[in-house]
file structure-v7.tsv (TSV, C-alpha atoms and all ligand atoms)
chain	number	residue	atom	x	y	z
A	1	MET	CA	23.70	108.31	-159.91
A	2	PRO	CA	21.73	105.89	-157.70
A	3	ARG	CA	23.74	102.78	-156.79
A	4	ILE	CA	23.17	99.48	-158.59
A	5	LYS	CA	21.32	96.78	-156.67
A	6	ILE	CA	20.41	93.18	-157.48
A	7	LEU	CA	16.64	92.77	-157.60
A	8	SER	CA	15.00	90.42	-155.12
A	9	ASP	CA	13.87	87.02	-156.41
A	10	HIS	CA	10.31	88.03	-155.66
A	11	LEU	CA	10.52	91.13	-157.83
A	12	VAL	CA	12.29	89.21	-160.60
A	13	ASN	CA	9.44	86.68	-160.54
A	14	GLN	CA	6.84	89.41	-160.69
A	15	ILE	CA	8.56	90.98	-163.69
A	16	ALA	CA	8.76	87.59	-165.41
A	17	ALA	CA	5.10	87.01	-164.58
A	18	GLY	CA	4.26	89.98	-166.80
A	19	GLU	CA	5.65	87.98	-169.73
A	20	VAL	CA	4.64	84.47	-168.79
A	21	VAL	CA	1.30	85.17	-167.14
A	22	GLU	CA	-0.30	87.85	-169.21
A	23	ARG	CA	-3.80	86.70	-168.29
A	24	PRO	CA	-5.62	83.70	-166.75
A	25	ALA	CA	-5.37	81.77	-170.02
A	26	SER	CA	-1.58	81.99	-169.97
A	27	ALA	CA	-1.46	80.69	-166.39
A	28	LEU	CA	-3.80	77.89	-167.46
A	29	LYS	CA	-1.48	77.07	-170.36
A	30	GLU	CA	1.47	76.62	-167.99
A	31	LEU	CA	-0.56	74.36	-165.71
A	32	LEU	CA	-1.96	72.25	-168.54
A	33	GLU	CA	1.45	71.83	-170.14
A	34	ASN	CA	2.84	70.67	-166.81
A	35	SER	CA	0.04	68.12	-166.50
A	36	VAL	CA	0.67	66.84	-170.02
A	37	ASP	CA	4.43	66.69	-169.40
A	38	ALA	CA	3.69	64.64	-166.27
A	39	GLY	CA	2.08	61.96	-168.46
A	40	SER	CA	-1.48	62.54	-167.26
A	41	ARG	CA	-4.35	60.55	-168.76
A	42	THR	CA	-7.11	62.69	-167.30
A	43	ILE	CA	-7.04	66.43	-166.70
A	44	GLN	CA	-9.84	68.33	-165.02
A	45	ILE	CA	-10.07	72.10	-165.20
A	46	GLU	CA	-12.20	74.24	-162.91
A	47	LEU	CA	-12.46	77.97	-163.49
A	48	GLN	CA	-14.18	80.70	-161.53
A	49	ALA	CA	-14.87	84.13	-162.99
A	50	GLY	CA	-13.00	83.54	-166.24
A	51	GLY	CA	-10.03	82.22	-164.27
A	52	THR	CA	-9.49	85.50	-162.41
A	53	LYS	CA	-10.83	84.09	-159.12
A	54	LEU	CA	-9.77	80.49	-159.54
A	55	ILE	CA	-7.90	78.27	-161.96
A	56	LYS	CA	-7.77	74.72	-160.72
A	57	VAL	CA	-6.12	71.91	-162.65
A	58	ILE	CA	-6.39	68.36	-161.37
A	59	ASP	CA	-4.28	65.70	-163.07
A	60	ASP	CA	-3.37	62.07	-162.60
A	61	GLY	CA	0.23	62.38	-163.74
A	62	CYS	CA	3.47	61.26	-162.11
A	63	GLY	CA	3.23	63.70	-159.20
A	64	ILE	CA	6.03	65.54	-157.39
A	65	GLU	CA	8.22	64.15	-154.60
A	66	HIS	CA	7.86	65.82	-151.20
A	67	ASP	CA	11.43	67.14	-151.31
A	68	ASP	CA	10.85	68.72	-154.72
A	69	LEU	CA	7.61	70.52	-153.87
A	70	SER	CA	9.09	73.86	-152.90
A	71	LEU	CA	11.64	73.61	-155.73
A	72	ALA	CA	8.76	73.31	-158.19
A	73	LEU	CA	7.78	76.85	-157.18
A	74	HIS	CA	11.32	78.15	-157.52
A	75	ARG	CA	12.40	80.10	-160.54
A	76	HIS	CA	14.73	78.28	-162.94
A	77	ALA	CA	14.06	74.97	-161.24
A	78	THR	CA	13.01	72.24	-163.65
A	79	SER	CA	13.12	68.47	-163.95
A	80	LYS	CA	12.98	68.70	-167.76
A	81	ILE	CA	16.42	69.84	-168.89
A	82	ARG	CA	19.85	69.47	-167.34
A	83	ASP	CA	22.31	71.16	-169.66
A	84	PHE	CA	22.60	73.34	-172.74
A	85	ASP	CA	22.58	70.36	-175.10
A	86	ASP	CA	19.17	69.31	-173.78
A	87	LEU	CA	17.80	72.61	-175.09
A	88	GLY	CA	18.34	71.40	-178.64
A	89	ARG	CA	16.15	68.35	-178.12
A	90	VAL	CA	13.43	69.45	-175.73
A	91	ALA	CA	10.70	66.83	-175.82
A	92	THR	CA	8.52	68.35	-173.10
A	93	LEU	CA	6.30	71.41	-173.40
A	94	GLY	CA	8.00	73.13	-170.46
A	95	PHE	CA	11.70	73.53	-169.80
A	96	ARG	CA	12.33	77.05	-168.48
A	97	GLY	CA	11.32	76.26	-164.95
A	98	GLU	CA	9.57	79.58	-164.52
A	99	GLY	CA	5.90	78.80	-165.06
A	100	LEU	CA	4.90	77.95	-161.51
A	101	ALA	CA	7.27	80.49	-159.94
A	102	SER	CA	5.83	83.27	-162.07
A	103	ILE	CA	2.22	82.35	-161.36
A	104	ALA	CA	2.94	81.95	-157.66
A	105	SER	CA	4.46	85.43	-157.48
A	106	VAL	CA	1.20	87.08	-158.54
A	107	SER	CA	-1.47	84.90	-156.92
A	108	ARG	CA	-2.29	82.70	-153.99
A	109	LEU	CA	-1.24	79.28	-155.18
A	110	ALA	CA	-1.65	75.83	-153.67
A	111	LEU	CA	0.20	72.83	-155.05
A	112	THR	CA	-0.91	69.40	-153.85
A	113	SER	CA	0.83	66.35	-155.17
A	114	ARG	CA	1.37	62.69	-154.56
A	115	ALA	CA	4.37	61.12	-156.19
A	116	GLU	CA	4.07	57.58	-157.44
A	117	GLY	CA	4.71	55.22	-154.53
A	118	ALA	CA	4.39	57.93	-151.84
A	119	ALA	CA	2.42	57.06	-148.70
A	120	HIS	CA	0.30	60.19	-149.00
A	121	ALA	CA	0.17	63.57	-150.71
A	122	TRP	CA	1.74	66.87	-149.65
A	123	ARG	CA	0.43	70.36	-150.08
A	124	ILE	CA	2.42	73.55	-150.29
A	125	GLU	CA	0.93	77.02	-150.34
A	126	SER	CA	2.36	80.23	-151.60
A	127	ASP	CA	1.02	83.70	-150.99
A	128	ASN	CA	2.31	86.12	-153.61
A	129	GLY	CA	5.59	84.25	-153.76
A	130	ARG	CA	5.96	83.65	-150.00
A	131	LEU	CA	6.21	79.90	-149.46
A	132	HIS	CA	4.77	77.99	-146.51
A	133	ASP	CA	6.10	74.62	-145.41
A	134	PRO	CA	4.54	71.54	-147.03
A	135	VAL	CA	1.83	69.84	-144.99
A	136	PRO	CA	0.38	66.32	-145.41
A	137	ALA	CA	-2.71	66.23	-147.58
A	138	ALA	CA	-5.22	63.82	-149.04
A	139	LEU	CA	-5.03	63.10	-152.77
A	140	ALA	CA	-5.32	59.74	-154.51
A	141	ALA	CA	-2.70	60.43	-157.17
A	142	GLY	CA	-1.23	63.08	-159.41
A	143	THR	CA	-1.11	66.81	-158.91
A	144	THR	CA	-3.66	69.52	-158.21
A	145	VAL	CA	-2.79	73.17	-158.62
A	146	GLU	CA	-5.10	75.95	-157.47
A	147	VAL	CA	-4.43	79.51	-158.51
A	148	HIS	CA	-6.57	81.96	-156.56
A	149	ASP	CA	-7.07	85.63	-157.29
A	150	LEU	CA	-4.53	86.19	-160.02
A	151	TYR	CA	-2.93	89.64	-159.70
A	152	TYR	CA	-4.85	90.44	-156.51
A	153	GLN	CA	-1.89	92.31	-155.10
A	154	THR	CA	-0.79	93.83	-158.37
A	155	PRO	CA	-3.65	96.19	-159.30
A	156	ALA	CA	-1.63	97.67	-162.17
A	157	ARG	CA	-1.71	94.27	-163.85
A	158	ARG	CA	-5.24	93.42	-162.82
A	159	LYS	CA	-6.42	96.51	-164.63
A	160	PHE	CA	-5.44	94.93	-167.94
A	161	LEU	CA	-7.71	91.95	-167.47
A	162	LYS	CA	-10.81	92.06	-169.64
A	163	SER	CA	-14.35	91.03	-168.76
A	164	GLU	CA	-15.00	87.65	-167.20
A	165	SER	CA	-16.47	86.34	-170.44
A	166	THR	CA	-13.48	87.49	-172.51
A	167	GLU	CA	-11.00	85.93	-170.09
A	168	PHE	CA	-13.05	82.75	-170.08
A	169	ALA	CA	-13.04	82.67	-173.90
A	170	HIS	CA	-9.23	82.83	-173.88
A	171	CYS	CA	-9.09	80.00	-171.33
A	172	ASP	CA	-11.51	77.95	-173.39
A	173	ASP	CA	-9.37	78.40	-176.48
A	174	MET	CA	-6.28	77.37	-174.53
A	175	VAL	CA	-8.01	74.14	-173.47
A	176	LYS	CA	-8.93	73.49	-177.11
A	177	ARG	CA	-5.34	73.97	-178.30
A	178	ILE	CA	-3.90	71.58	-175.74
A	179	ALA	CA	-6.73	69.08	-176.13
A	180	LEU	CA	-6.31	68.96	-179.92
A	181	ALA	CA	-2.64	68.16	-179.51
A	182	HIS	CA	-3.43	65.43	-176.97
A	183	PRO	CA	-6.42	63.31	-177.99
A	184	GLU	CA	-5.00	60.53	-175.80
A	185	VAL	CA	-5.79	62.62	-172.71
A	186	GLN	CA	-9.30	63.11	-171.36
A	187	PHE	CA	-10.24	66.68	-170.49
A	188	ALA	CA	-13.14	68.10	-168.52
A	189	LEU	CA	-13.85	71.80	-168.11
A	190	THR	CA	-16.16	73.59	-165.70
A	191	HIS	CA	-16.75	77.32	-165.36
A	192	ASN	CA	-18.47	78.81	-162.30
A	193	GLY	CA	-19.55	75.31	-161.34
A	194	ARG	CA	-21.14	74.51	-164.70
A	195	ALA	CA	-19.77	71.53	-166.62
A	196	LEU	CA	-19.00	72.76	-170.14
A	197	ALA	CA	-16.91	70.26	-171.96
A	198	ARG	CA	-15.98	66.68	-171.55
A	199	LEU	CA	-13.53	65.41	-174.12
A	200	LEU	CA	-13.16	61.66	-174.08
A	201	ARG	CA	-10.00	59.90	-175.13
A	202	GLY	CA	-9.78	58.86	-178.75
A	203	ASP	CA	-8.02	59.56	-182.00
A	204	LEU	CA	-7.51	62.94	-183.64
A	205	ALA	CA	-10.64	62.64	-185.78
A	206	ARG	CA	-12.78	62.22	-182.68
A	207	ARG	CA	-11.08	65.04	-180.80
A	208	ALA	CA	-11.22	67.39	-183.80
A	209	GLY	CA	-14.89	66.51	-184.22
A	210	ALA	CA	-15.60	67.44	-180.60
A	211	ILE	CA	-13.73	70.73	-180.86
A	212	LEU	CA	-14.08	71.92	-184.46
A	213	GLY	CA	-17.38	70.23	-185.17
A	214	GLU	CA	-18.36	66.93	-186.76
A	215	ASP	CA	-19.07	68.84	-189.93
A	216	PHE	CA	-15.49	70.03	-190.14
A	217	VAL	CA	-14.13	66.50	-189.89
A	218	ALA	CA	-16.71	65.07	-192.28
A	219	HIS	CA	-15.61	67.45	-195.05
A	220	ALA	CA	-11.97	68.06	-194.15
A	221	LEU	CA	-9.13	66.70	-196.24
A	222	PRO	CA	-6.84	64.37	-194.35
A	223	VAL	CA	-3.21	65.40	-194.67
A	224	ASP	CA	-0.30	63.03	-194.33
A	225	GLU	CA	2.76	64.16	-196.19
A	226	GLY	CA	6.48	63.90	-195.75
A	227	PHE	CA	8.49	61.49	-193.74
A	228	GLU	CA	9.88	60.99	-190.28
A	229	ARG	CA	12.00	64.10	-189.92
A	230	LEU	CA	9.58	66.42	-191.66
A	231	ARG	CA	5.99	65.36	-191.65
A	232	LEU	CA	2.67	67.16	-191.86
A	233	THR	CA	-0.48	65.41	-190.67
A	234	GLY	CA	-3.98	66.36	-189.59
A	235	PHE	CA	-6.99	67.87	-191.29
A	236	ALA	CA	-7.21	70.73	-193.74
A	237	GLY	CA	-10.70	72.22	-193.79
A	238	SER	CA	-12.69	71.93	-196.96
A	239	PRO	CA	-12.53	75.07	-199.14
A	240	THR	CA	-16.33	74.93	-199.24
A	241	GLN	CA	-16.35	75.60	-195.50
A	242	GLY	CA	-14.39	78.82	-195.29
A	243	LYS	CA	-14.94	80.86	-192.13
A	244	SER	CA	-15.40	84.56	-191.55
A	245	SER	CA	-12.71	84.51	-188.84
A	246	ARG	CA	-9.39	82.81	-188.20
A	247	ASP	CA	-10.63	81.21	-184.98
A	248	ALA	CA	-10.59	77.66	-186.27
A	249	GLN	CA	-6.93	77.63	-187.27
A	250	TYR	CA	-4.79	75.30	-185.24
A	251	PHE	CA	-1.21	74.62	-186.21
A	252	PHE	CA	1.20	72.66	-184.04
A	253	VAL	CA	4.93	72.19	-184.32
A	254	ASN	CA	6.20	69.16	-182.44
A	255	GLY	CA	3.05	69.19	-180.33
A	256	ARG	CA	3.19	72.90	-179.52
A	257	PHE	CA	0.54	75.34	-180.73
A	258	VAL	CA	2.26	78.07	-182.69
A	259	ARG	CA	1.20	81.12	-184.59
A	260	ASP	CA	3.75	81.77	-187.26
A	261	LYS	CA	3.77	84.17	-190.20
A	262	LEU	CA	5.56	81.80	-192.53
A	263	VAL	CA	3.12	78.99	-191.82
A	264	GLN	CA	0.11	81.25	-192.20
A	265	HIS	CA	1.46	82.56	-195.49
A	266	ALA	CA	2.05	79.07	-196.86
A	267	LEU	CA	-1.48	78.07	-195.88
A	268	ARG	CA	-3.03	81.16	-197.44
A	269	GLU	CA	-1.11	80.49	-200.64
A	270	ALA	CA	-2.23	76.86	-200.73
A	271	TYR	CA	-5.89	77.84	-200.37
A	272	ARG	CA	-5.66	80.87	-202.65
A	273	ASP	CA	-7.13	79.29	-205.77
A	274	VAL	CA	-9.81	77.28	-204.02
A	275	LEU	CA	-11.11	79.57	-201.28
A	276	HIS	CA	-12.83	82.93	-201.63
A	277	HIS	CA	-10.28	85.58	-200.63
A	278	GLU	CA	-12.47	86.95	-197.82
A	279	ARG	CA	-12.91	83.56	-196.19
A	280	HIS	CA	-10.45	81.81	-193.89
A	281	PRO	CA	-9.77	78.10	-193.91
A	282	ALA	CA	-10.28	75.98	-190.78
A	283	TYR	CA	-7.48	73.57	-190.08
A	284	CYS	CA	-5.88	71.41	-187.49
A	285	LEU	CA	-2.41	70.51	-188.65
A	286	PHE	CA	0.60	68.98	-187.00
A	287	LEU	CA	4.13	69.51	-188.20
A	288	GLU	CA	6.67	67.09	-186.82
A	289	MET	CA	10.28	67.93	-187.45
A	290	ALA	CA	13.74	67.40	-186.03
A	291	PRO	CA	13.94	69.49	-182.83
A	292	GLU	CA	17.23	70.98	-184.09
A	293	GLY	CA	15.33	72.49	-187.01
A	294	VAL	CA	13.16	74.73	-184.86
A	295	ASP	CA	14.00	77.09	-182.05
A	296	VAL	CA	11.21	77.17	-179.47
A	297	ASN	CA	13.26	79.32	-177.16
A	298	VAL	CA	12.26	82.64	-178.72
A	299	HIS	CA	9.67	83.80	-176.22
A	300	PRO	CA	8.65	82.71	-172.71
A	301	THR	CA	5.15	81.78	-173.75
A	302	LYS	CA	6.58	79.87	-176.72
A	303	ILE	CA	3.82	80.70	-179.16
A	304	GLU	CA	6.42	82.01	-181.59
A	305	VAL	CA	9.10	79.77	-183.00
A	306	ARG	CA	12.00	80.23	-185.36
A	307	PHE	CA	12.62	77.79	-188.20
A	308	ARG	CA	16.18	77.14	-189.30
A	309	GLU	CA	15.46	76.40	-192.96
A	310	SER	CA	12.42	78.52	-193.39
A	311	GLN	CA	12.36	78.61	-197.20
A	312	ALA	CA	12.56	74.84	-197.56
A	313	LEU	CA	9.88	74.47	-194.92
A	314	TYR	CA	7.66	76.96	-196.72
A	315	ARG	CA	7.93	74.97	-199.94
A	316	PHE	CA	7.23	71.74	-198.12
A	317	LEU	CA	4.08	73.11	-196.49
A	318	LEU	CA	2.81	74.65	-199.69
A	319	THR	CA	3.35	71.47	-201.70
A	320	ALA	CA	1.88	69.21	-199.03
A	321	LEU	CA	-1.25	71.32	-198.68
A	322	LYS	CA	-1.76	71.86	-202.37
A	323	LYS	CA	-1.59	68.13	-202.79
A	324	ALA	CA	-4.21	67.58	-200.10
A	325	LEU	CA	-6.40	70.29	-201.55
A	326	SER	CA	-6.12	68.95	-205.09
A	327	GLY	CA	-8.01	65.97	-203.71
A	328	ALA	CA	-10.82	68.41	-202.92
A	329	LYS	CA	-10.72	69.86	-206.41
A	330	ALA	CA	-10.81	66.45	-207.99
A	331	GLY	CA	-13.67	65.45	-205.70
A	332	ALA	CA	-15.64	68.60	-206.54
A	333	ALA	CA	-15.00	68.10	-210.25
A	334	ALA	CA	-16.17	64.52	-210.05
A	335	GLU	CA	-19.31	65.62	-208.21
A	336	ALA	CA	-19.93	68.23	-210.89
A	337	GLY	CA	-19.43	65.56	-213.53
A	338	ILE	CA	-16.37	67.24	-215.12
A	401	LIG	P1	8.91	73.71	-166.30
A	401	LIG	O1	7.60	73.14	-166.72
A	401	LIG	O2	9.49	74.63	-167.30
A	401	LIG	O3	9.88	72.68	-165.84
A	401	LIG	P2	7.38	74.82	-164.10
A	401	LIG	O4	7.64	76.00	-163.20
A	401	LIG	O5	6.14	74.86	-164.90
A	401	LIG	O6	8.66	74.68	-165.02
A	401	LIG	O7	7.39	73.50	-163.22
A	401	LIG	C1	8.53	73.21	-162.42
A	401	LIG	C2	8.66	71.72	-162.17
A	401	LIG	O8	7.59	71.27	-161.32
A	401	LIG	C3	8.55	70.86	-163.41
A	401	LIG	O9	9.81	70.73	-164.06
A	401	LIG	C4	8.04	69.54	-162.85
A	401	LIG	O10	9.10	68.76	-162.37
A	401	LIG	C5	7.19	69.96	-161.66
A	401	LIG	N1	5.73	69.99	-161.99
A	401	LIG	C6	4.98	71.07	-162.21
A	401	LIG	N2	3.69	70.74	-162.45
A	401	LIG	C7	3.62	69.39	-162.37
A	401	LIG	C8	2.56	68.43	-162.52
A	401	LIG	N3	1.30	68.78	-162.82
A	401	LIG	N4	2.89	67.11	-162.36
A	401	LIG	C9	4.14	66.72	-162.06
A	401	LIG	N5	5.18	67.59	-161.92
A	401	LIG	C10	4.94	68.90	-162.06
A	402	MG	MG	5.88	74.23	-166.94
call {"tool": "encode", "arguments": {"input": "structure-v7.tsv", "output": "structure tokens"}}
result
Amino acid sequence: MPRIKILSDHLVNQIAAGEVVERPASALKELLENSVDAGSRTIQIELQAGGTKLIKVIDDGCGIEHDDLSLALHRHATSKIRDFDDLGRVATLGFRGEGLASIASVSRLALTSRAEGAAHAWRIESDNGRLHDPVPAALAAGTTVEVHDLYYQTPARRKFLKSESTEFAHCDDMVKRIALAHPEVQFALTHNGRALARLLRGDLARRAGAILGEDFVAHALPVDEGFERLRLTGFAGSPTQGKSSRDAQYFFVNGRFVRDKLVQHALREAYRDVLHHERHPAYCLFLEMAPEGVDVNVHPTKIEVRFRESQALYRFLLTALKKALSGAKAGAAAEAGI
């Protein structure tokens, strides 16, 4: 038998990167979540070649202290939780402390940041996980992360990347998910130097209009059901505007985009009598619930969650949506003069 050896941190990071950083869009997700967690008001995203050559995220958040810069790139280093109890009440999008470390292990990454009150910014570079010392840099405020050449030294992984346009489409969708959950933040997106989207600050209706279309918002049914510890808000698309794909389905739990079987089933059930069975509803819905009621710690990329009282939640969703949709039925009946 070969002897047992502890893997190097670098290799551990590269293995984790396979889970956390499946493709450019997943790296972008980690960066955007960090910018949101840092309280940014404006986030600028620059992509080159679908994010495979460059993912750059510029924010105006709280920044990182000089002494914490290299820690930010360390695995299991986070400012967001301290102990096990914190896990039960995570209020930030990140908490595992592995996003930046994983990305840095499979790219050339530069992190430039200026903490509030600091005399100037500092920049730290990492080449496939090898850290350089921080050097002084110029930056007015916030944090800028540049991820160059994702997977350039891991050809086995690079092979799995799709065409530039497919990878860009995934990045674009990621921006939409995060932007929908944060209408209070301004976003700008460029790809290969072309400005594509500029989402100004506003309320959810404005943001949803910019992302899902003004038509969607004009006909959607506003949802606001439940109470503080279990509340569903947002817009349920009109049954008259069913889609041929599921692309326009956005569901968030405590501000996190999730894709969950139970939720999808409840939504399908709610629309069953009002929407043609081959069409899919568009929606942008936000479920707020007690953090103890949902486990977001199921998967590193956190798109899956586990609900504690899933049956009760299912009934709540179904009832809330049916109620919202009955408004549509009544409206349609009134229009038809019934
Ligand atoms: P996590 O988000 O799970 O804490 P990350 O590896 O993504 O782990 O980030 C590590 C730490 O670096 C964060 O906890 C945070 O303190 C800091 N950080 C990362 N990105 C930013 C940013 N854009 N602005 C301010 N701090 C940041
Ligand atoms: Mg993070």
call {"tool": "residues_near_ligand", "arguments": {"input": "structure-v7.tsv", "ligand": "ligand LIG 401 (chain A)", "cutoff": "9 Å", "atoms": "all atoms listed in the file", "output": "PyMOL selection string"}}
result
chain A and resi 30-40+57-65+68-81+92-103+111+113-115+142-145
call {"tool": "closest_residue", "arguments": {"input": "structure-v7.tsv", "among": "A:Thr319, A:Gln14, A:Thr233, A:Asn254", "to": "Arg89 in chain A", "atoms": "all atoms listed in the file"}}
result
A:Asn254
call {"tool": "residues_around", "arguments": {"input": "structure-v7.tsv", "residues": "Phe227 in chain A", "least_positions_apart": "5", "cutoff": "10 Å", "atoms": "only C-alpha atoms", "output": "PyMOL selection string"}}
result
chain A and resi 232+288-289
call {"tool": "residues_around", "arguments": {"input": "structure-v7.tsv", "residues": "Ala282 in chain A", "least_positions_apart": "3", "cutoff": "12 Å", "atoms": "only C-alpha atoms", "output": "MDAnalysis selection string"}}
result
chainID A and resid 208 211:213 215:217 219:221 234:251 264 267:268 271 275 279 285
call {"tool": "residues_around", "arguments": {"input": "structure-v7.tsv", "residues": "Thr190 in chain A", "least_positions_apart": "4", "cutoff": "9 Å", "atoms": "all atoms listed in the file", "output": "PyMOL selection string"}}
result
chain A and resi 44-48+194-197
call {"tool": "closest_residue", "arguments": {"input": "structure-v7.tsv", "among": "A:Ala27, A:Ala17, A:Ala49, A:Met1", "to": "ligand MG 402 (chain A)", "atoms": "all atoms listed in the file"}}
result
A:Ala27
call {"tool": "atom_distance", "arguments": {"input": "structure-v7.tsv", "atom1": "CA of Glu269 in chain A", "atom2": "CA of Leu313 in chain A"}}
result
13.8 Å
call {"tool": "axis_aligned_box", "arguments": {"input": "structure-v7.tsv", "around": "range 23-26 of chain A", "padding_each_side": "8 Å", "output": "AutoDock Vina command-line options"}}
result
--center_x -3.6 --center_y 84.2 --center_z -168.4 --size_x 20.0 --size_y 20.9 --size_z 19.3
call {"tool": "closest_residue", "arguments": {"input": "structure-v7.tsv", "among": "A:Leu28, A:Ile15, A:Asp173, A:Leu139", "to": "ligand MG 402 (chain A)", "atoms": "only C-alpha atoms and all ligand atoms"}}
result
A:Leu28
call {"tool": "closest_residue", "arguments": {"input": "structure-v7.tsv", "among": "A:Val223, A:Cys284, A:Leu150, A:Val305", "to": "Gly327 in chain A", "atoms": "all atoms listed in the file"}}
result
A:Val223
call {"tool": "closest_residue", "arguments": {"input": "structure-v7.tsv", "among": "A:Val175, A:Leu180, A:Leu189, A:Val296", "to": "Gly209 in chain A", "atoms": "only C-alpha atoms"}}
result
A:Leu180
call {"tool": "residues_around", "arguments": {"input": "structure-v7.tsv", "residues": "Val147 in chain A", "least_positions_apart": "5", "cutoff": "8 Å", "atoms": "all atoms listed in the file", "output": "list in words"}}
result
Lys53, Leu54, Ile55, Lys56, Ile103, Ala104, Ser107, Arg108, Leu109 and Ala110 of chain A
call {"tool": "atom_distance", "arguments": {"input": "structure-v7.tsv", "atom1": "CA of Ala290 in chain A", "atom2": "CA of Arg229 in chain A"}}
result
5.4 Å
call {"tool": "atom_distance", "arguments": {"input": "structure-v7.tsv", "atom1": "CA of Met174 in chain A", "atom2": "CA of Glu146 in chain A"}}
result
17.2 Å
call {"tool": "closest_residue", "arguments": {"input": "structure-v7.tsv", "among": "A:Asn13, A:Ala119, A:Lys29, A:Val21", "to": "ligand MG 402 (chain A)", "atoms": "all atoms listed in the file"}}
result
A:Lys29
call {"tool": "decode", "arguments": {"input": "structure-v7.tsv", "residues": "range 60-76 of chain A", "atoms": "N, CA and C atoms", "output": "PDB file, in the first residue's frame"}}
result
ATOM      1  N   ASP A  60     -17.427  49.557  -4.785  1.00  0.00           N
ATOM      2  CA  ASP A  60     -17.139  50.689  -3.905  1.00  0.00           C
ATOM      3  C   ASP A  60     -17.527  50.347  -2.467  1.00  0.00           C
ATOM      4  N   GLY A  61     -17.297  49.085  -2.123  1.00  0.00           N
ATOM      5  CA  GLY A  61     -17.662  48.608  -0.781  1.00  0.00           C
ATOM      6  C   GLY A  61     -16.629  48.983   0.268  1.00  0.00           C
ATOM      7  N   CYS A  62     -16.694  48.280   1.402  1.00  0.00           N
ATOM      8  CA  CYS A  62     -15.903  48.665   2.583  1.00  0.00           C
ATOM      9  C   CYS A  62     -14.408  48.456   2.415  1.00  0.00           C
ATOM     10  N   GLY A  63     -14.000  47.655   1.423  1.00  0.00           N
ATOM     11  CA  GLY A  63     -12.572  47.434   1.225  1.00  0.00           C
ATOM     12  C   GLY A  63     -11.977  46.460   2.226  1.00  0.00           C
ATOM     13  N   ILE A  64     -10.697  46.133   2.027  1.00  0.00           N
ATOM     14  CA  ILE A  64     -10.013  45.156   2.889  1.00  0.00           C
ATOM     15  C   ILE A  64      -8.754  45.823   3.455  1.00  0.00           C
ATOM     16  N   GLU A  65      -8.544  45.658   4.744  1.00  0.00           N
ATOM     17  CA  GLU A  65      -7.348  46.202   5.394  1.00  0.00           C
ATOM     18  C   GLU A  65      -6.093  45.578   4.785  1.00  0.00           C
ATOM     19  N   HIS A  66      -5.014  46.327   4.781  1.00  0.00           N
ATOM     20  CA  HIS A  66      -3.733  45.822   4.262  1.00  0.00           C
ATOM     21  C   HIS A  66      -3.358  44.466   4.877  1.00  0.00           C
ATOM     22  N   ASP A  67      -3.470  44.385   6.201  1.00  0.00           N
ATOM     23  CA  ASP A  67      -3.032  43.162   6.891  1.00  0.00           C
ATOM     24  C   ASP A  67      -3.915  41.954   6.579  1.00  0.00           C
ATOM     25  N   ASP A  68      -5.111  42.207   6.061  1.00  0.00           N
ATOM     26  CA  ASP A  68      -6.031  41.104   5.753  1.00  0.00           C
ATOM     27  C   ASP A  68      -5.962  40.666   4.293  1.00  0.00           C
ATOM     28  N   LEU A  69      -5.212  41.403   3.484  1.00  0.00           N
ATOM     29  CA  LEU A  69      -5.240  41.137   2.034  1.00  0.00           C
ATOM     30  C   LEU A  69      -4.862  39.700   1.685  1.00  0.00           C
ATOM     31  N   SER A  70      -3.741  39.230   2.249  1.00  0.00           N
ATOM     32  CA  SER A  70      -3.324  37.879   1.869  1.00  0.00           C
ATOM     33  C   SER A  70      -4.250  36.847   2.509  1.00  0.00           C
ATOM     34  N   LEU A  71      -4.793  37.183   3.692  1.00  0.00           N
ATOM     35  CA  LEU A  71      -5.750  36.268   4.333  1.00  0.00           C
ATOM     36  C   LEU A  71      -6.986  36.070   3.465  1.00  0.00           C
ATOM     37  N   ALA A  72      -7.382  37.149   2.784  1.00  0.00           N
ATOM     38  CA  ALA A  72      -8.584  37.061   1.939  1.00  0.00           C
ATOM     39  C   ALA A  72      -8.426  35.972   0.885  1.00  0.00           C
ATOM     40  N   LEU A  73      -7.170  35.700   0.507  1.00  0.00           N
ATOM     41  CA  LEU A  73      -6.926  34.680  -0.519  1.00  0.00           C
ATOM     42  C   LEU A  73      -6.637  33.312   0.096  1.00  0.00           C
ATOM     43  N   HIS A  74      -6.681  33.249   1.409  1.00  0.00           N
ATOM     44  CA  HIS A  74      -6.460  31.977   2.092  1.00  0.00           C
ATOM     45  C   HIS A  74      -7.751  31.185   2.201  1.00  0.00           C
ATOM     46  N   ARG A  75      -7.617  29.891   2.109  1.00  0.00           N
ATOM     47  CA  ARG A  75      -8.762  29.020   2.274  1.00  0.00           C
ATOM     48  C   ARG A  75      -9.242  29.053   3.725  1.00  0.00           C
ATOM     49  N   HIS A  76     -10.560  28.989   3.891  1.00  0.00           N
ATOM     50  CA  HIS A  76     -11.175  28.972   5.220  1.00  0.00           C
ATOM     51  C   HIS A  76     -10.841  30.224   6.021  1.00  0.00           C
TER      52      HIS A  76
END
